[in-house]
$ cat final02.txt   # compact mmCIF, C-alpha atoms
# COMPACT_ATOMS: atom_id res chain seq x y z
CA MET W 3 -36.20 290.41 64.29
CA SER W 4 -36.99 292.86 67.07
CA ALA W 5 -34.50 293.87 69.75
CA LEU W 6 -36.50 291.78 72.21
CA HIS W 7 -35.50 288.65 70.33
CA ASP W 8 -31.95 289.58 69.28
CA ASN W 9 -30.46 286.88 71.50
CA VAL W 10 -32.87 284.11 70.48
CA MET W 11 -32.76 281.60 67.62
CA ARG W 12 -34.83 278.63 66.53
CA ALA W 13 -33.14 275.26 66.71
CA ALA W 14 -33.78 271.53 66.61
CA HIS W 15 -33.62 270.19 70.16
CA ILE W 16 -33.16 266.69 71.61
CA PRO W 17 -34.99 266.82 74.98
CA VAL W 18 -34.73 263.05 75.51
CA PHE W 19 -33.23 260.20 73.51
CA GLY W 20 -35.48 258.14 71.26
CA ASP W 21 -37.02 257.91 67.82
CA ALA W 22 -37.59 260.87 65.49
CA ASP W 23 -40.72 261.97 67.34
CA VAL W 24 -38.67 263.18 70.33
CA LEU W 25 -37.26 266.10 68.31
CA ARG W 26 -38.61 269.58 68.98
CA ILE W 27 -38.13 272.97 67.35
CA ARG W 28 -37.78 275.59 70.05
CA ASP W 29 -36.40 279.04 70.82
CA MET W 30 -32.92 278.85 72.30
CA ALA W 31 -30.15 281.26 73.19
CA ARG W 32 -28.25 282.56 70.20
CA PRO W 33 -24.49 281.91 70.57
CA THR W 34 -22.08 284.82 70.94
CA PRO W 35 -18.79 284.86 68.99
CA GLY W 36 -15.63 284.97 71.08
CA ASP W 37 -12.07 285.88 70.16
CA ARG W 38 -11.42 285.30 66.44
CA GLU W 39 -14.85 283.70 66.05
CA LEU W 40 -17.68 284.31 63.62
CA LEU W 41 -21.41 284.26 64.19
CA VAL W 42 -22.82 282.58 61.09
CA ARG W 43 -26.45 282.88 60.06
CA ILE W 44 -27.26 279.39 58.79
CA HIS W 45 -29.35 279.27 55.63
CA ALA W 46 -29.17 275.50 55.14
CA THR W 47 -27.69 272.47 56.84
CA ALA W 48 -27.83 268.74 56.16
CA LEU W 49 -28.67 265.56 58.00
CA ASN W 50 -26.14 262.81 58.73
CA ARG W 51 -26.06 259.40 60.38
CA ALA W 52 -24.28 261.06 63.30
CA ASP W 53 -27.43 263.09 63.98
CA ILE W 54 -29.56 259.94 63.99
CA LEU W 55 -27.19 258.24 66.43
CA GLN W 56 -27.00 261.34 68.64
CA ARG W 57 -30.79 261.48 68.81
CA ARG W 58 -30.83 257.83 69.89
CA GLY W 59 -28.25 258.47 72.63
CA ARG W 60 -25.50 256.50 70.90
CA TYR W 61 -23.16 259.24 69.67
CA ALA W 62 -22.70 262.25 71.90
CA ALA W 63 -21.04 265.43 70.70
CA PRO W 64 -17.43 265.83 71.89
CA ALA W 65 -16.97 267.05 75.46
CA GLY W 66 -17.39 270.79 75.75
CA GLU W 67 -19.52 271.06 72.59
CA ILE W 68 -23.29 271.59 72.25
CA GLN W 69 -24.99 268.35 73.31
CA ASP W 70 -28.71 268.94 72.73
CA ILE W 71 -28.72 270.57 69.27
CA PRO W 72 -27.70 268.15 66.49
CA GLY W 73 -26.12 269.13 63.19
CA ILE W 74 -22.51 268.83 62.03
CA GLU W 75 -22.42 270.95 58.85
CA PHE W 76 -23.81 274.23 57.58
CA ALA W 77 -23.90 276.82 54.82
CA GLY W 78 -24.58 280.42 55.73
CA GLU W 79 -23.36 284.00 55.87
CA VAL W 80 -21.27 285.86 58.40
CA ALA W 81 -23.64 287.81 60.66
CA ALA W 82 -21.13 289.21 63.15
CA ARG W 83 -17.47 288.98 64.11
CA GLY W 84 -15.92 288.50 67.53
CA ALA W 85 -12.92 290.40 68.82
CA GLY W 86 -9.88 289.97 66.58
CA ALA W 87 -11.78 288.29 63.74
CA SER W 88 -10.74 289.98 60.50
CA ARG W 89 -10.47 287.28 57.84
CA TRP W 90 -14.14 287.50 56.73
CA ALA W 91 -16.56 290.39 56.24
CA VAL W 92 -20.15 290.47 57.43
CA GLY W 93 -22.25 289.02 54.60
CA ASP W 94 -19.57 286.63 53.30
CA ARG W 95 -20.91 283.19 52.34
CA VAL W 96 -19.15 280.37 54.18
CA PHE W 97 -19.61 276.69 54.93
CA SER W 98 -17.92 274.03 57.04
CA ILE W 99 -18.22 271.16 59.49
CA VAL W 100 -18.84 271.63 63.21
CA PRO W 101 -18.89 269.23 66.22
CA GLY W 102 -22.58 270.02 66.83
CA GLY W 103 -25.29 272.66 66.94
CA ALA W 104 -25.79 273.26 63.21
CA HIS W 105 -29.50 272.40 63.03
CA ALA W 106 -30.28 275.94 64.08
CA GLN W 107 -30.45 279.46 62.72
CA PHE W 108 -27.01 280.46 64.04
CA VAL W 109 -23.70 278.86 64.88
CA VAL W 110 -20.34 280.16 66.12
CA MET W 111 -17.14 279.13 64.33
CA HIS W 112 -13.45 280.02 64.48
CA GLU W 113 -12.68 282.23 61.50
CA ASP W 114 -10.01 279.82 60.19
CA ALA W 115 -12.33 276.80 60.29
CA VAL W 116 -14.67 277.87 57.47
CA ALA W 117 -14.32 277.97 53.69
CA PRO W 118 -15.88 280.26 51.07
CA ILE W 119 -18.90 278.98 49.15
CA PRO W 120 -18.36 279.06 45.37
CA GLU W 121 -20.59 281.66 43.71
CA SER W 122 -22.21 279.05 41.46
CA LEU W 123 -23.80 277.21 44.40
CA ASN W 124 -27.08 278.09 46.10
CA TRP W 125 -27.67 277.49 49.81
CA THR W 126 -29.20 274.03 49.35
CA GLU W 127 -26.35 272.82 47.15
CA ALA W 128 -23.74 274.31 49.47
CA ALA W 129 -25.24 272.62 52.53
CA ALA W 130 -24.90 269.21 50.86
CA ILE W 131 -21.13 269.59 50.56
CA PRO W 132 -19.12 270.00 53.80
CA GLU W 133 -19.47 266.70 55.63
CA ALA W 134 -19.50 264.56 52.49
CA PHE W 135 -16.67 266.20 50.59
CA ILE W 136 -14.43 267.08 53.53
CA THR W 137 -14.73 263.51 54.84
CA ALA W 138 -14.05 261.94 51.44
CA HIS W 139 -11.20 264.33 50.62
CA ASP W 140 -9.47 263.81 53.95
CA ALA W 141 -9.82 260.02 53.77
CA LEU W 142 -8.82 259.59 50.12
CA TYR W 143 -6.41 262.40 49.33
CA THR W 144 -4.78 263.20 52.68
CA GLN W 145 -4.72 259.83 54.43
CA ALA W 146 -4.94 257.08 51.78
CA GLN W 147 -3.03 259.22 49.24
CA LEU W 148 -5.06 257.91 46.31
CA LYS W 149 -3.12 258.35 43.08
CA THR W 150 -3.76 258.58 39.36
CA GLY W 151 -4.11 255.12 37.84
CA GLU W 152 -5.11 253.39 41.07
CA THR W 153 -8.40 251.64 41.81
CA LEU W 154 -10.86 252.67 44.50
CA LEU W 155 -13.77 250.71 45.99
CA VAL W 156 -16.50 252.72 47.76
CA HIS W 157 -19.06 251.02 49.99
CA ALA W 158 -22.46 252.72 50.32
CA ALA W 159 -21.82 254.38 46.98
CA GLY W 160 -25.22 256.12 47.00
CA SER W 161 -24.64 257.94 50.27
CA GLY W 162 -23.48 261.54 50.50
CA VAL W 163 -19.90 260.58 51.37
CA GLY W 164 -19.98 257.74 48.84
CA LEU W 165 -20.98 260.01 45.97
CA ALA W 166 -18.38 262.59 46.97
CA ALA W 167 -15.73 259.85 47.09
CA ILE W 168 -16.67 258.57 43.63
CA GLN W 169 -16.30 262.04 42.14
CA LEU W 170 -13.04 262.83 43.94
CA GLY W 171 -11.64 259.46 42.90
CA VAL W 172 -12.45 260.17 39.26
CA ALA W 173 -11.05 263.70 39.57
CA VAL W 174 -7.67 262.38 40.70
CA GLY W 175 -7.60 259.87 37.84
CA ALA W 176 -8.54 256.68 39.68
CA ARG W 177 -10.90 253.98 38.45
CA VAL W 178 -13.79 253.76 40.90
CA PHE W 179 -16.01 250.80 41.82
CA GLY W 180 -18.82 250.71 44.34
CA THR W 181 -21.35 248.71 46.32
CA THR W 182 -24.96 249.54 47.09
CA ARG W 183 -27.98 247.68 48.42
CA SER W 184 -30.20 248.49 45.44
CA ALA W 185 -29.80 248.37 41.68
CA ASP W 186 -31.40 251.80 41.29
CA LYS W 187 -28.74 253.45 43.45
CA LEU W 188 -25.98 251.65 41.61
CA ASP W 189 -27.29 252.80 38.23
CA ALA W 190 -27.64 256.37 39.48
CA ALA W 191 -24.08 256.36 40.86
CA ARG W 192 -22.74 255.60 37.38
CA GLY W 193 -23.79 259.12 36.44
CA TYR W 194 -21.15 260.44 38.84
CA GLY W 195 -18.25 258.44 37.41
CA LEU W 196 -18.66 254.95 38.87
CA SER W 197 -16.97 252.45 36.52
CA ASP W 198 -18.77 249.38 37.82
CA GLY W 199 -20.38 248.06 40.95
CA VAL W 200 -22.22 245.27 42.68
CA VAL W 201 -25.51 245.17 44.56
CA LEU W 202 -25.05 243.55 47.98
CA THR W 203 -28.44 242.78 49.46
CA ASP W 204 -27.39 240.14 51.98
CA GLY W 205 -23.89 240.95 53.17
CA PRO W 206 -20.62 241.21 51.23
CA ALA W 207 -20.24 237.56 50.18
CA ALA W 208 -20.36 238.46 46.47
CA LEU W 209 -17.68 241.15 46.76
CA PRO W 210 -14.49 239.09 46.21
CA HIS W 211 -15.78 237.64 42.93
CA ALA W 212 -16.82 241.08 41.68
CA VAL W 213 -13.44 242.64 42.51
CA GLU W 214 -11.65 239.74 40.86
CA ASP W 215 -13.58 240.43 37.65
CA TRP W 216 -13.03 244.20 37.76
CA THR W 217 -9.29 244.00 38.42
CA SER W 218 -8.36 240.71 36.71
CA GLY W 219 -7.51 239.24 40.10
CA ARG W 220 -5.17 242.04 41.22
CA GLY W 221 -7.42 243.62 43.86
CA VAL W 222 -8.16 247.27 44.55
CA ASP W 223 -5.68 249.82 45.88
CA VAL W 224 -8.01 251.68 48.27
CA VAL W 225 -11.30 250.80 49.95
CA LEU W 226 -13.45 253.48 51.56
CA ASP W 227 -15.65 251.57 54.00
CA LEU W 228 -18.65 253.44 55.37
CA VAL W 229 -20.35 250.25 56.59
CA GLY W 230 -17.97 248.29 58.81
CA GLY W 231 -18.75 244.88 60.28
CA ALA W 232 -18.42 242.06 57.76
CA TYR W 233 -17.74 244.62 55.03
CA ALA W 234 -14.42 245.46 56.69
CA THR W 235 -13.40 241.79 56.63
CA SER W 236 -14.24 241.44 52.93
CA SER W 237 -12.63 244.79 52.13
CA LEU W 238 -9.34 243.61 53.58
CA ASP W 239 -9.57 240.44 51.52
CA VAL W 240 -9.96 242.30 48.20
CA LEU W 241 -7.08 244.76 48.63
CA ALA W 242 -4.10 244.58 46.30
CA SER W 243 -0.55 244.47 47.69
CA GLY W 244 0.17 247.77 49.39
CA GLY W 245 -3.56 248.49 49.59
CA ARG W 246 -5.20 250.84 52.08
CA LEU W 247 -8.46 250.26 53.94
CA MET W 248 -10.08 253.47 55.22
CA LEU W 249 -12.69 252.82 57.91
CA ILE W 250 -15.07 255.74 58.42
CA GLY W 251 -18.38 254.09 59.33
CA ALA W 252 -19.75 251.25 61.44
CA ILE W 253 -23.47 251.08 60.71
CA GLY W 254 -22.97 247.43 59.74
CA GLY W 255 -21.28 246.55 63.02
CA ALA W 256 -18.38 247.59 65.24
CA ARG W 257 -16.49 244.28 65.07
CA ALA W 258 -14.86 242.40 62.19
CA GLU W 259 -12.50 239.46 61.74
CA LEU W 260 -8.97 240.34 60.65
CA ASN W 261 -6.83 238.14 58.42
CA VAL W 262 -3.55 239.08 60.07
CA LEU W 263 -1.39 236.94 57.79
CA ARG W 264 -2.84 238.55 54.65
CA ALA W 265 -2.34 242.01 56.09
CA ILE W 266 1.30 241.16 56.76
CA THR W 267 2.14 239.43 53.49
CA HIS W 268 0.35 242.03 51.33
CA ARG W 269 1.68 245.00 53.33
CA LEU W 270 -1.82 246.34 53.89
CA ARG W 271 -2.66 249.49 55.79
CA ILE W 272 -5.81 249.81 57.92
CA GLN W 273 -6.76 253.25 59.14
CA GLY W 274 -9.79 254.63 60.92
CA SER W 275 -10.90 258.23 60.60
CA VAL W 276 -13.48 260.59 62.09
CA LEU W 277 -13.87 264.35 61.74
CA ARG W 278 -16.28 265.25 64.55
CA SER W 279 -13.96 264.65 67.49
CA ARG W 280 -10.90 266.37 66.03
CA ALA W 281 -9.52 269.31 67.96
CA LEU W 282 -9.89 272.77 66.43
CA PRO W 283 -6.30 272.96 65.09
CA GLU W 284 -6.81 269.68 63.24
CA ARG W 285 -10.16 270.80 61.83
CA ILE W 286 -8.58 274.03 60.60
CA VAL W 287 -5.92 272.07 58.70
CA THR W 288 -8.52 269.67 57.29
CA VAL W 289 -10.83 272.45 56.08
CA ALA W 290 -7.89 274.34 54.56
CA ALA W 291 -6.85 271.24 52.59
CA PHE W 292 -10.44 270.82 51.37
CA ALA W 293 -10.54 274.47 50.29
CA ARG W 294 -7.26 274.10 48.42
CA ASP W 295 -8.07 270.89 46.56
CA VAL W 296 -11.86 270.67 46.27
CA LEU W 297 -13.20 274.22 45.97
CA PRO W 298 -11.66 274.67 42.49
CA LEU W 299 -13.34 271.42 41.39
CA LEU W 300 -16.70 272.59 42.74
CA ALA W 301 -16.35 276.02 41.14
CA ARG W 302 -15.66 274.44 37.74
CA GLY W 303 -18.42 271.83 38.07
CA ILE W 304 -15.97 268.92 37.94
CA VAL W 305 -17.51 267.59 41.17
CA ARG W 306 -20.95 268.52 42.40
CA PRO W 307 -23.21 268.03 45.42
CA VAL W 308 -26.04 265.50 45.29
CA VAL W 309 -29.28 266.45 47.05
CA ASP W 310 -31.77 263.70 47.78
CA SER W 311 -34.48 265.86 49.35
CA THR W 312 -35.04 269.18 51.13
CA PHE W 313 -37.01 269.91 54.31
CA VAL W 314 -37.64 273.06 56.31
CA LEU W 315 -36.43 273.14 59.91
CA ASP W 316 -39.98 272.73 61.20
CA ASP W 317 -40.12 269.36 59.42
CA ILE W 318 -37.00 267.97 61.11
CA VAL W 319 -38.88 264.84 62.21
CA GLU W 320 -39.78 264.00 58.60
CA ALA W 321 -36.18 264.66 57.55
CA HIS W 322 -34.92 262.12 60.11
CA ARG W 323 -37.46 259.59 58.91
CA ARG W 324 -36.36 260.09 55.33
CA LEU W 325 -32.72 259.36 56.18
CA GLU W 326 -33.68 256.38 58.33
CA SER W 327 -35.68 254.89 55.44
CA ASN W 328 -32.36 254.00 53.75
CA GLN W 329 -33.95 255.07 50.45
CA THR W 330 -31.89 258.25 50.09
CA PHE W 331 -29.50 258.95 47.25
CA GLY W 332 -27.27 261.84 48.28
CA LYS W 333 -27.91 264.31 51.06
CA VAL W 334 -31.02 265.27 53.02
CA VAL W 335 -30.88 269.07 53.31
CA ILE W 336 -32.67 271.25 55.87
CA THR W 337 -33.31 274.93 55.22
CA CYS W 338 -33.15 277.23 58.23
CA THR W 339 -34.37 280.58 56.85
$ encode --input "final02.txt" --output "structure tokens"
Amino acid sequence: MSALHDNVMRAAHIPVFGDADVLRIRDMARPTPGDRELLVRIHATALNRADILQRRGRYAAPAGEIQDIPGIEFAGEVAARGAGASRWAVGDRVFSIVPGGAHAQFVVMHEDAVAPIPESLNWTEAAAIPEAFITAHDALYTQAQLKTGETLLVHAAGSGVGLAAIQLGVAVGARVFGTTRSADKLDAARGYGLSDGVVLTDGPAALPHAVEDWTSGRGVDVVLDLVGGAYATSSLDVLASGGRLMLIGAIGGARAELNVLRAITHRLRIQGSVLRSRALPERIVTVAAFARDVLPLLARGIVRPVVDSTFVLDDIVEAHRRLESNQTFGKVVITCT
């Protein structure tokens, strides 16, 4: 790139809220790394429901973060270092989550908020990891404290987070069950360690009977709910004594009925979680825990990313349409080279 364009990058832009057609690819100012920050040249990123909601005007980036460039995860290489940044060298391959701005050629990150990409992974594979695996790891290992011998139920088992959760559950020695809205996705999820599952095409009414069969009436120890709404109500009803319900999605609705008496008598724990709005110190701790526990599993192939499809940045509109089709299995990746 010539000196004339050294401060410019190409990025996906949301000029107005609306459907996928509102998105534009345009030249924008390249960010500059500050104290202890890195400028990362993004080679690939991935698409998430948060990007769809942001484009529709229903999920803004946290205050003080980039508002008009979507994207909450990336894989790339260090292009430059700000003052005091010494942990990484220029050219190092890193990936992470970010509050926004990752559907672009460059992003700025604190040097402690990124993790090294295992050598065995290419850019596309690496880009399919951060949001899915950091979210699942934080919810299951850090917060729910899933243990060997326990049972885990994952809603939306064919999603990026769902597939990461299945694999991390198996890796810790749990027995994992799941729900999907199609038989094809359920069958495919078995290839990642799913013990059994149920297709829910018209709400979660069939869930209690399925869980009763899987667990001989005991219930499951942990539910990872990416759907919300009526799924949260049913999830609470199928938990075993001492069970934990992790709420990390609400595409099925923001409200649910709560059986207070059952929660009391069964000593149930209900916890919500989100990564995007966490302050930098919290994100640093979360990424460090992911690097400690999950990177060795990725390097050894014990867990692996799942890529549904790949688009170039210029085809961002088609990428959004693909995710909105609800036909995806795994992650929609966008290359930015």
$ closest_atom_pairs --input "final02.txt" --of "segment 69-119 of chain W" --to "segment 264-284 of chain W" --cutoff "10 Å" --atoms "only C-alpha atoms" --output "JSON lines"
{"residue": "W:Ile74", "atom": "CA", "partner": "W:Arg278", "partner_atom": "CA", "distance": 7.6}
{"residue": "W:Ile99", "atom": "CA", "partner": "W:Arg278", "partner_atom": "CA", "distance": 8.0}
{"residue": "W:Val100", "atom": "CA", "partner": "W:Arg278", "partner_atom": "CA", "distance": 7.0}
{"residue": "W:Pro101", "atom": "CA", "partner": "W:Arg278", "partner_atom": "CA", "distance": 5.0}
{"residue": "W:Gly102", "atom": "CA", "partner": "W:Arg278", "partner_atom": "CA", "distance": 8.2}
{"residue": "W:Met111", "atom": "CA", "partner": "W:Leu282", "partner_atom": "CA", "distance": 9.9}
{"residue": "W:His112", "atom": "CA", "partner": "W:Leu282", "partner_atom": "CA", "distance": 8.3}
{"residue": "W:Asp114", "atom": "CA", "partner": "W:Pro283", "partner_atom": "CA", "distance": 9.2}
{"residue": "W:Ala115", "atom": "CA", "partner": "W:Leu282", "partner_atom": "CA", "distance": 7.7}
$ closest_residue --input "final02.txt" --among "W:Gly332, W:Gly160, W:Gly103, W:Gly205" --to "Ala185 of chain W" --atoms "all atoms listed in the file"
W:Gly160
$ residues_near_point --input "final02.txt" --point "(-24.9, 263.9, 42.2)" --cutoff "9 Å" --atoms "all atoms listed in the file" --output "PyMOL selection string"
chain W and resi 162+165-166+169+190-191+193-194+305-310+331-332
$ residues_around --input "final02.txt" --residues "Pro206 of chain W" --least-positions-apart "4" --cutoff "8 Å" --atoms "all atoms listed in the file" --output "PyMOL selection string"
chain W and resi 202+232-233+236
$ closest_residue --input "final02.txt" --among "W:Val163, W:Arg192, W:Ala138, W:Leu154" --to "Trp216 of chain W" --atoms "all atoms listed in the file"
W:Leu154
$ residues_near_point --input "final02.txt" --point "(-9.6, 268.7, 54.8)" --cutoff "10 Å" --atoms "all atoms listed in the file" --output "NGL selection string"
:W and (132 or 135-141 or 143-144 or 277 or 284-296)
$ atom_distance --input "final02.txt" --atom1 "atom CA of Asn9 of chain W" --atom2 "atom CA of Met30 of chain W"
8.4 Å
$ residues_around --input "final02.txt" --residues "Arg51 of chain W" --least-positions-apart "2" --cutoff "9 Å" --atoms "all atoms listed in the file" --output "NGL selection string"
:W and (49 or 53-56 or 253 or 325-326)
$ closest_residue --input "final02.txt" --among "W:Arg246, W:Ala167, W:His157, W:Phe179" --to "Gly230 of chain W" --atoms "only C-alpha atoms"
W:His157
$ atom_distance --input "final02.txt" --atom1 "atom CA of Thr235 of chain W" --atom2 "atom CA of Glu259 of chain W"
5.7 Å
$ closest_residue --input "final02.txt" --among "W:Ala301, W:Leu148, W:Ala159, W:Ala46" --to "Pro118 of chain W" --atoms "all atoms listed in the file"
W:Ala301
$ closest_residue --input "final02.txt" --among "W:Leu209, W:Pro35, W:Arg57, W:Ile68" --to "Asp21 of chain W" --atoms "all atoms listed in the file"
W:Arg57
$ closest_residue --input "final02.txt" --among "W:Ala176, W:Gln107, W:Arg220, W:Leu40" --to "Val10 of chain W" --atoms "all atoms listed in the file"
W:Gln107
